[in-house]
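Visitor: For reference, this is my_file_3.csv, and it has CSV, C-alpha atoms.
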chain,number,residue,atom,x,y,z
U,13,MET,CA,0.0,0.0,0.0
U,14,VAL,CA,1.1,3.6,-0.1
U,15,ALA,CA,2.1,3.6,3.6
U,16,ARG,CA,3.4,0.1,3.6
U,17,PRO,CA,3.5,-1.7,7.0
U,18,ASP,CA,7.2,-2.3,6.8
U,19,HIS,CA,7.9,1.2,5.4
U,20,ARG,CA,10.5,-0.2,3.1
U,21,GLU,CA,11.1,0.7,-0.6
U,22,ARG,CA,9.8,-1.7,-3.3
U,23,THR,CA,10.8,-2.6,-6.8
U,24,LEU,CA,9.8,-5.4,-9.2
U,25,VAL,CA,11.0,-9.0,-9.2
U,26,ALA,CA,11.1,-9.3,-12.9
U,27,PRO,CA,10.5,-7.1,-16.0
U,28,ALA,CA,6.9,-6.3,-17.0
U,29,ILE,CA,6.3,-5.8,-20.7
U,30,CYS,CA,3.3,-4.7,-22.8
U,31,ALA,CA,2.4,-2.8,-25.9
U,32,GLY,CA,-0.3,-0.5,-26.9
U,33,VAL,CA,-1.4,2.8,-28.6
U,34,GLY,CA,-0.8,6.3,-27.4
U,35,VAL,CA,-4.1,8.1,-26.9
U,36,HIS,CA,-3.0,11.3,-28.5
U,37,THR,CA,-0.3,10.3,-31.0
U,38,GLY,CA,-2.1,7.1,-32.1
U,39,GLN,CA,1.4,5.6,-32.3
U,40,ARG,CA,1.9,2.0,-31.2
U,41,VAL,CA,4.6,1.7,-28.5
U,42,ARG,CA,6.3,-1.0,-26.5
U,43,LEU,CA,6.7,-0.6,-22.8
U,44,ALA,CA,9.1,-2.5,-20.5
U,45,ILE,CA,9.1,-1.8,-16.7
U,46,ARG,CA,12.3,-3.1,-15.1
U,47,PRO,CA,13.5,-3.6,-11.5
U,48,ALA,CA,15.8,-0.9,-10.2
U,49,PRO,CA,18.2,-0.5,-7.2
U,50,THR,CA,17.3,1.5,-4.1
U,51,GLY,CA,17.6,5.2,-4.7
U,52,THR,CA,16.8,5.1,-8.4
U,53,GLY,CA,13.3,6.5,-8.1
U,54,ILE,CA,11.1,6.3,-11.2
U,55,VAL,CA,13.1,6.8,-14.4
U,56,PHE,CA,11.7,6.7,-18.0
U,57,ILE,CA,14.0,5.9,-20.9
U,58,ARG,CA,13.0,6.8,-24.5
U,59,THR,CA,14.7,3.8,-26.3
U,60,ASP,CA,13.8,5.3,-29.7
U,61,VAL,CA,16.0,8.3,-29.0
U,62,THR,CA,19.7,7.6,-29.6
U,63,ASP,CA,21.4,10.9,-30.4
U,64,ARG,CA,21.3,12.4,-26.9
U,65,ASP,CA,20.5,11.7,-23.3
U,66,ASN,CA,17.3,9.6,-23.4
U,67,ARG,CA,16.8,9.2,-19.6
U,68,ILE,CA,14.0,11.2,-18.0
U,69,PRO,CA,14.0,11.0,-14.2
U,70,VAL,CA,10.6,11.8,-12.8
U,71,THR,CA,10.5,14.9,-10.6
U,72,GLY,CA,8.1,17.7,-10.0
U,73,ASP,CA,10.2,20.1,-12.0
U,74,ALA,CA,10.4,17.6,-15.0
U,75,VAL,CA,6.7,18.2,-15.9
U,76,VAL,CA,6.6,20.6,-18.8
U,77,ASP,CA,3.0,20.3,-20.1
U,78,ALA,CA,-0.1,19.4,-18.1
U,79,ARG,CA,-2.9,20.6,-20.3
U,80,LEU,CA,-4.3,17.3,-21.5
U,81,ASN,CA,-2.0,14.8,-19.7
U,82,THR,CA,1.2,14.9,-17.7
U,83,MET,CA,4.3,15.3,-19.9
U,84,ILE,CA,7.9,15.2,-18.6
U,85,GLU,CA,11.1,16.3,-20.2
U,86,ASN,CA,14.8,16.0,-19.5
U,87,ALA,CA,17.6,18.6,-19.9
U,88,ALA,CA,18.3,17.4,-23.4
U,89,GLY,CA,14.7,18.2,-24.5
U,90,VAL,CA,13.5,14.5,-24.7
U,91,GLN,CA,9.8,14.3,-23.8
U,92,LEU,CA,7.4,11.7,-22.7
U,93,SER,CA,3.6,12.2,-22.2
U,94,THR,CA,0.6,10.5,-20.5
U,95,ILE,CA,2.6,9.0,-17.6
U,96,GLU,CA,-0.1,9.6,-15.0
U,97,HIS,CA,-1.9,6.3,-15.0
U,98,LEU,CA,1.3,4.3,-14.6
U,99,MET,CA,2.5,6.7,-11.9
U,100,ALA,CA,-0.7,6.2,-10.0
U,101,ALA,CA,-0.2,2.4,-10.1
U,102,PHE,CA,3.4,2.8,-8.9
U,103,CYS,CA,2.2,5.0,-6.0
U,104,ALA,CA,-0.7,2.8,-4.9
U,105,LEU,CA,1.3,-0.4,-5.1
U,106,GLY,CA,4.3,1.1,-3.3
U,107,VAL,CA,6.8,0.9,-6.2
U,108,SER,CA,9.7,3.3,-5.2
U,109,ASN,CA,12.2,2.3,-7.8
U,110,ALA,CA,11.7,1.3,-11.5
U,111,VAL,CA,13.2,1.9,-14.9
U,112,VAL,CA,10.6,2.2,-17.6
U,113,GLU,CA,11.7,1.8,-21.2
U,114,VAL,CA,9.4,3.0,-24.0
U,115,ASP,CA,10.0,3.3,-27.7
U,116,GLY,CA,7.8,6.3,-28.4
U,117,PRO,CA,6.8,9.7,-27.2
U,118,GLU,CA,3.7,8.6,-25.2
U,119,LEU,CA,2.8,5.8,-22.9
U,120,PRO,CA,0.1,3.4,-24.1
U,121,ILE,CA,-3.3,4.3,-23.0
U,122,LEU,CA,-4.4,0.6,-22.8
U,123,ASP,CA,-8.0,0.6,-21.5
U,124,GLY,CA,-7.9,4.2,-20.2
U,125,SER,CA,-7.5,3.3,-16.6
U,126,ALA,CA,-4.7,2.0,-14.3
U,127,LEU,CA,-6.1,-1.5,-14.2
U,128,PRO,CA,-3.9,-3.0,-17.0
U,129,PHE,CA,-0.8,-1.4,-15.4
U,130,VAL,CA,-1.7,-3.0,-12.0
U,131,GLN,CA,-2.2,-6.4,-13.6
U,132,LEU,CA,1.1,-6.0,-15.4
U,133,LEU,CA,2.9,-5.2,-12.1
U,134,ASP,CA,1.2,-7.9,-10.2
U,135,ARG,CA,2.4,-10.5,-12.8
U,136,ALA,CA,6.0,-9.2,-12.5
U,137,GLY,CA,5.8,-9.4,-8.7
U,138,PHE,CA,7.3,-7.1,-6.0
U,139,ARG,CA,10.5,-7.2,-4.1
U,140,ARG,CA,11.1,-5.5,-0.7
U,141,GLN,CA,14.2,-3.4,-0.5
U,142,GLU,CA,16.1,-2.5,2.6
U,143,ALA,CA,16.0,1.3,2.3
U,144,PRO,CA,13.2,3.0,4.2
U,145,VAL,CA,10.5,4.8,2.3
U,146,ARG,CA,10.8,8.6,2.4
U,147,TYR,CA,7.3,10.2,2.9
U,148,ILE,CA,6.5,13.8,2.2
U,149,GLN,CA,4.7,15.1,5.4
U,150,ILE,CA,2.6,18.2,4.9
U,151,LEU,CA,3.2,20.6,7.7
U,152,GLN,CA,1.2,23.7,6.5
U,153,PRO,CA,-1.6,24.1,4.0
U,154,ILE,CA,-0.7,24.8,0.3
U,155,HIS,CA,-3.5,26.1,-2.0
U,156,VAL,CA,-3.6,26.9,-5.7
U,157,THR,CA,-6.5,28.2,-7.8
U,158,ASP,CA,-7.3,28.6,-11.5
U,159,GLY,CA,-10.6,30.4,-12.0
U,160,ASP,CA,-13.2,28.1,-10.3
U,161,LYS,CA,-10.7,25.2,-10.1
U,162,HIS,CA,-8.7,24.7,-7.0
U,163,ALA,CA,-6.6,22.2,-5.1
U,164,ALA,CA,-4.9,22.0,-1.7
U,165,LEU,CA,-2.6,19.9,0.3
U,166,LEU,CA,-3.4,19.9,4.1
U,167,PRO,CA,-1.7,18.3,7.1
U,168,CYS,CA,-2.9,14.8,7.9
U,169,ASP,CA,-1.3,11.8,9.6
U,170,ARG,CA,-2.1,9.6,6.5
U,171,TYR,CA,-2.6,10.0,2.8
U,172,GLU,CA,-6.2,11.1,2.2
U,173,MET,CA,-8.0,12.5,-0.9
U,174,ARG,CA,-11.2,14.3,-1.6
U,175,PHE,CA,-12.1,15.1,-5.1
U,176,GLU,CA,-15.2,16.9,-6.5
U,177,ILE,CA,-16.2,17.5,-10.1
U,178,ASP,CA,-19.1,19.6,-11.3
U,179,PHE,CA,-20.2,19.3,-15.0
U,180,ASP,CA,-23.1,21.0,-16.7
U,181,ASN,CA,-24.1,17.6,-18.1
U,182,PRO,CA,-26.8,15.2,-16.8
U,183,VAL,CA,-24.6,12.2,-17.2
U,184,VAL,CA,-21.8,13.5,-15.1
U,185,GLY,CA,-23.2,16.3,-12.9
U,186,ASN,CA,-21.7,16.8,-9.5
U,187,GLN,CA,-19.7,13.9,-8.0
U,188,VAL,CA,-17.6,13.6,-4.9
U,189,ILE,CA,-15.3,11.0,-3.6
U,190,ASP,CA,-13.4,11.0,-0.3
U,191,PHE,CA,-11.1,8.1,0.7
U,192,VAL,CA,-7.8,7.0,2.2
U,193,VAL,CA,-5.2,6.5,-0.5
U,194,ASP,CA,-4.0,2.9,0.2
U,195,GLU,CA,-3.4,-0.1,-2.0
U,196,GLN,CA,-6.7,-1.9,-1.2
U,197,THR,CA,-8.9,1.1,-1.7
U,198,PHE,CA,-7.0,1.8,-5.0
U,199,ARG,CA,-7.6,-1.7,-6.2
U,200,ASP,CA,-11.3,-1.8,-5.1
U,201,GLU,CA,-12.5,1.7,-6.0
U,202,ILE,CA,-10.1,3.6,-8.2
U,203,MET,CA,-7.8,1.7,-10.6
U,204,ALA,CA,-10.5,0.5,-13.0
U,205,ALA,CA,-12.0,4.0,-13.6
U,206,ARG,CA,-11.4,5.1,-17.2
U,207,THR,CA,-10.6,8.5,-18.7
U,208,PHE,CA,-13.6,10.3,-20.2
U,209,GLY,CA,-14.5,13.0,-22.6
U,210,PHE,CA,-17.3,14.6,-24.5
U,211,ALA,CA,-18.0,13.7,-28.2
U,212,HIS,CA,-17.7,17.3,-29.3
U,213,GLU,CA,-14.3,17.7,-27.5
U,214,VAL,CA,-13.0,14.5,-29.1
U,215,GLU,CA,-13.8,15.9,-32.6
U,216,ALA,CA,-12.1,19.2,-31.8
U,217,LEU,CA,-9.0,17.3,-30.5
U,218,ARG,CA,-8.8,15.2,-33.6
U,219,LYS,CA,-8.9,18.3,-35.8
U,220,ALA,CA,-6.0,19.6,-33.8
U,221,GLY,CA,-4.0,16.4,-34.4
U,222,LEU,CA,-4.7,15.0,-31.0
U,223,ALA,CA,-6.7,12.0,-29.6
U,224,ARG,CA,-5.6,10.0,-32.7
U,225,GLY,CA,-5.6,6.8,-30.6
U,226,GLY,CA,-8.7,7.5,-28.6
U,227,SER,CA,-11.7,5.1,-28.9
U,228,LEU,CA,-14.5,3.6,-27.0
U,229,GLU,CA,-12.0,0.9,-26.1
U,230,ASN,CA,-10.0,3.3,-24.0
U,231,ALA,CA,-12.3,6.1,-22.9
U,232,VAL,CA,-15.8,6.8,-21.8
U,233,VAL,CA,-17.4,9.1,-24.4
U,234,ILE,CA,-20.4,11.2,-23.5
U,235,ASP,CA,-22.7,12.7,-26.1
U,236,GLY,CA,-25.4,14.9,-24.6
U,237,ASP,CA,-27.5,12.6,-22.3
U,238,ASP,CA,-25.9,9.4,-23.6
U,239,ILE,CA,-22.8,7.3,-22.9
U,240,LEU,CA,-21.6,6.0,-26.2
U,241,ASN,CA,-19.8,3.0,-24.8
U,242,PRO,CA,-21.9,-0.2,-25.4
U,243,GLY,CA,-21.1,-1.5,-21.9
U,244,GLY,CA,-21.9,1.8,-20.1
U,245,LEU,CA,-20.0,2.6,-16.9
U,246,ARG,CA,-17.9,0.2,-14.9
U,247,MET,CA,-18.9,1.6,-11.6
U,248,GLU,CA,-20.8,4.3,-9.8
U,249,ARG,CA,-19.2,7.7,-10.0
U,250,GLU,CA,-16.6,6.5,-12.5
U,251,PHE,CA,-15.9,10.0,-13.6
U,252,VAL,CA,-14.7,11.4,-10.3
U,253,ARG,CA,-12.9,8.2,-9.5
U,254,HIS,CA,-10.8,8.7,-12.6
U,255,LYS,CA,-10.0,12.3,-11.7
U,256,ALA,CA,-8.8,11.0,-8.3
U,257,LEU,CA,-6.7,8.4,-10.1
U,258,ASP,CA,-5.1,11.1,-12.2
U,259,ALA,CA,-4.4,13.2,-9.1
U,260,ILE,CA,-2.6,10.3,-7.4
U,261,GLY,CA,-0.4,9.9,-10.4
U,262,ASP,CA,0.2,13.6,-10.8
U,263,LEU,CA,1.3,14.0,-7.2
U,264,TYR,CA,3.7,11.0,-7.3
U,265,VAL,CA,6.0,13.0,-9.5
U,266,LEU,CA,7.2,14.4,-6.2
U,267,GLY,CA,9.1,11.1,-5.9
U,268,ALA,CA,7.6,10.0,-2.6
U,269,PRO,CA,4.1,9.2,-1.2
U,270,LEU,CA,2.4,11.8,0.9
U,271,LEU,CA,1.4,12.0,4.6
U,272,GLY,CA,-1.2,14.7,4.0
U,273,ARG,CA,-4.7,15.3,2.6
U,274,TYR,CA,-5.3,16.4,-1.0
U,275,GLU,CA,-8.5,18.2,-1.8
U,276,GLY,CA,-9.4,19.1,-5.4
U,277,PHE,CA,-12.3,20.8,-7.0
U,278,LYS,CA,-12.6,20.5,-10.8
U,279,ALA,CA,-8.8,20.2,-10.8
U,280,GLY,CA,-7.0,18.6,-13.8
U,281,HIS,CA,-3.4,17.9,-14.5
U,282,ALA,CA,-2.4,21.6,-14.8
U,283,VAL,CA,-3.8,22.5,-11.4
U,284,ASN,CA,-2.2,19.4,-9.9
U,285,ASN,CA,1.2,20.3,-11.3
U,286,ARG,CA,0.8,23.9,-10.0
U,287,LEU,CA,0.1,22.4,-6.6
U,288,VAL,CA,3.3,20.3,-6.9
U,289,ARG,CA,5.4,23.3,-7.8
U,290,ALA,CA,3.8,25.4,-5.1
U,291,LEU,CA,4.8,22.8,-2.5
U,292,LEU,CA,8.4,22.5,-3.8
U,293,THR,CA,8.8,26.3,-3.5
U,294,ALA,CA,7.5,26.3,0.1
U,295,PRO,CA,10.1,24.3,2.1
U,296,HIS,CA,8.5,25.4,5.4
U,297,ALA,CA,5.3,23.6,4.5
U,298,TRP,CA,6.7,20.0,4.3
U,299,ARG,CA,9.5,17.7,5.4
U,300,GLU,CA,10.7,14.3,4.5
U,301,VAL,CA,9.9,11.7,7.1
U,302,VAL,CA,11.2,8.1,7.4
U,303,LEU,CA,8.8,5.9,9.4
U,304,GLU,CA,9.6,2.8,11.5
U,305,PRO,CA,6.9,0.4,12.7
U,306,GLN,CA,6.6,2.0,16.1
U,307,LEU,CA,8.1,5.5,15.6
U,308,ALA,CA,8.9,8.2,13.1
U,309,ARG,CA,12.0,10.2,12.7
U,310,VAL,CA,12.7,13.1,10.4
U,311,GLY,CA,14.7,12.0,7.4
For the structure just supplied, provide its representation as structure tokens.

Guide:
Amino acid sequence: MVARPDHRERTLVAPAICAGVGVHTGQRVRLAIRPAPTGTGIVFIRTDVTDRDNRIPVTGDAVVDARLNTMIENAAGVQLSTIEHLMAAFCALGVSNAVVEVDGPELPILDGSALPFVQLLDRAGFRRQEAPVRYIQILQPIHVTDGDKHAALLPCDRYEMRFEIDFDNPVVGNQVIDFVVDEQTFRDEIMAARTFGFAHEVEALRKAGLARGGSLENAVVIDGDDILNPGGLRMEREFVRHKALDAIGDLYVLGAPLLGRYEGFKAGHAVNNRLVRALLTAPHAWREVVLEPQLARVG
């Protein structure tokens, strides 16, 4: 889980490999998630880039575009987009160290949720590492706003999340979810929630050269009062559950799980990244903490 009982770092036992299509590029890519030593963190490698540094370590400062997804970039200008669903799976399953090789500019969207990534990681297996997990403990509130959208990180002795969405659409409407971010809750209530969009927005994105890989196989598409997907929704309040999934992934670019409460209202990737950057520029508002089973000490 996010706050693992043994509070030790985790990596994989064996490589996890899959292939799929990028939701925006439409490009087919191959993905290989490999075990990594303690202290590595999450590092992406663009194996199709051979003329410059192709390693992209994940950090809050590495995010360069968060309008439609979370895109990271290294100092050599090598970019990778749509990392948020895999990052959410890493966070919820307690994966601290992994090297992710991908042969294209965007991670595969798979079914539009984190479920296939969780299944992939489960098949590879997990290995406990001796180094203690570093948690980011929120000491003082951090808030960001963008019009009517806002997000905050608040002090809390565990990782909690509240997310609210409010759409002028009868299918979506107002939805709220409030939960403890741990492995079991993620598996039971969050990981299978798919990305969603409105039919008119999909058409506009395609005219702009985006959403080339989007389909009813990897997104819930809403058209007026109707859900176009033949099977309908997977679960109650699937829309807000997916926004929470995105937020978990967006916040894990900090490189460590949180001891704090996230609250978001209509927040997307851009607001989440503004919150990450606001936290990083407020060193008085947080500290790194290493936990032991019966005590905590400042790391």

Visitor: Please list, as a list in words, the residues that have an atom at most 10 Å away from (16.0, 4.2, 5.7) in the coordinates of this file, counting all atoms listed in the file.

Guide: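 Result, sorted by chain then residue number: His19, Arg20, Glu21, Gln141, Glu142, Ala143, Pro144, Val145, Arg146, Val301, Val302, Leu303, Glu304 and Gly311 of chain U.
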
Visitor: When distances are computed from only C-alpha atoms, which of U:Asn241, U:Gln91, U:Thr293, U:Thr23 shows the smallest separation from Ala48 in chain U?

Guide: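 Ranking U:Asn241, U:Gln91, U:Thr293, U:Thr23 by distance to Ala48 in chain U, first place goes to U:Thr23.
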
Visitor: Take every atom of range 79-85 of chain U listed in the file, fit an axis-aligned box around them, add 6 Å per side, and give the centre and edge lengths in Å to one decimal as lines of an AutoDock Vina configuration file.

Guide:
center_x = 3.4
center_y = 17.7
center_z = -19.6
size_x = 27.4
size_y = 17.8
size_z = 15.8

Visitor: Between U:Gly244, U:Gly261, U:Pro182, U:Gly226, which residue has the minimum interatomic distance to Phe198 in chain U, considering all atoms listed in the file?

Guide: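 Of all the options, U:Gly261 lies closest to Phe198 in chain U.
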
Visitor: Do a neighbour search on Val76 in chain U at 7 Å with all atoms listed in the file, toss out local chain neighbours closer than 6 positions, and write the hits as an MDAnalysis selection string.

Guide: chainID U and resid 83:85

Visitor: Identify, on the basis of all atoms listed in the file, every residue whose closest approach to Glu118 in chain U does not exceed 7 Å; exclude the query and any residue fewer than 3 positions from it along the same chain; express the result as an mmCIF file with C-alpha atoms, in the frame of the given file.

Guide:
data_model
loop_
_atom_site.group_PDB
_atom_site.id
_atom_site.type_symbol
_atom_site.label_atom_id
_atom_site.label_comp_id
_atom_site.auth_asym_id
_atom_site.auth_seq_id
_atom_site.Cartn_x
_atom_site.Cartn_y
_atom_site.Cartn_z
ATOM 1 C CA GLY U 34 -0.800 6.300 -27.400
ATOM 2 C CA LEU U 92 7.400 11.700 -22.700
ATOM 3 C CA SER U 93 3.600 12.200 -22.200
ATOM 4 C CA THR U 94 0.600 10.500 -20.500
#

Visitor: Which is closer to Gly51 in chain U than all the others in U:Leu98, U:Leu257, U:Asp194, U:Ser108, using all atoms listed in the file?

Guide: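 Selected residue with least distance to Gly51 in chain U: U:Ser108.
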
Visitor: When distances are computed from all atoms listed in the file, which of U:Val183, U:Val156, U:Ala101, U:Ala268 shows the smallest separation from Ala290 in chain U?

Guide: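 Among U:Val183, U:Val156, U:Ala101, U:Ala268, it is U:Val156 that comes nearest to Ala290 in chain U.
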
Visitor: In Å, with one decimal, what is the gap from CA of Leu43 in chain U to CA of Ala205 in chain U?

Guide: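 It comes out at 21.3 Å.
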
Visitor: Would you mind reading off the distance between CA of Gly124 in chain U and CA of Ala104 in chain U, one decimal, in Å?

Guide: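 The value is 17.0 Å.
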
Visitor: For Arg135 in chain U, list every protein, DNA or RNA residue within 12 Å, evaluated using only C-alpha atoms, and leave out those in the same chain fewer than 6 positions away; present the list as a list in words.

Guide: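 What passes the distance filter is Leu24, Val25, Ala26, Pro27, Ala28, Ile29, Cys30, Ile45, Pro128 and Phe129 of chain U.
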
Visitor: Generate a file of the selected residues that holds C-alpha atoms, formatted as a PDB file, keeping the file's coordinate frame.

Guide:
ATOM      1  CA  LEU U  24       9.800  -5.400  -9.200  1.00  0.00           C
ATOM      2  CA  VAL U  25      11.000  -9.000  -9.200  1.00  0.00           C
ATOM      3  CA  ALA U  26      11.100  -9.300 -12.900  1.00  0.00           C
ATOM      4  CA  PRO U  27      10.500  -7.100 -16.000  1.00  0.00           C
ATOM      5  CA  ALA U  28       6.900  -6.300 -17.000  1.00  0.00           C
ATOM      6  CA  ILE U  29       6.300  -5.800 -20.700  1.00  0.00           C
ATOM      7  CA  CYS U  30       3.300  -4.700 -22.800  1.00  0.00           C
ATOM      8  CA  ILE U  45       9.100  -1.800 -16.700  1.00  0.00           C
ATOM      9  CA  PRO U 128      -3.900  -3.000 -17.000  1.00  0.00           C
ATOM     10  CA  PHE U 129      -0.800  -1.400 -15.400  1.00  0.00           C
TER      11      PHE U 129
END
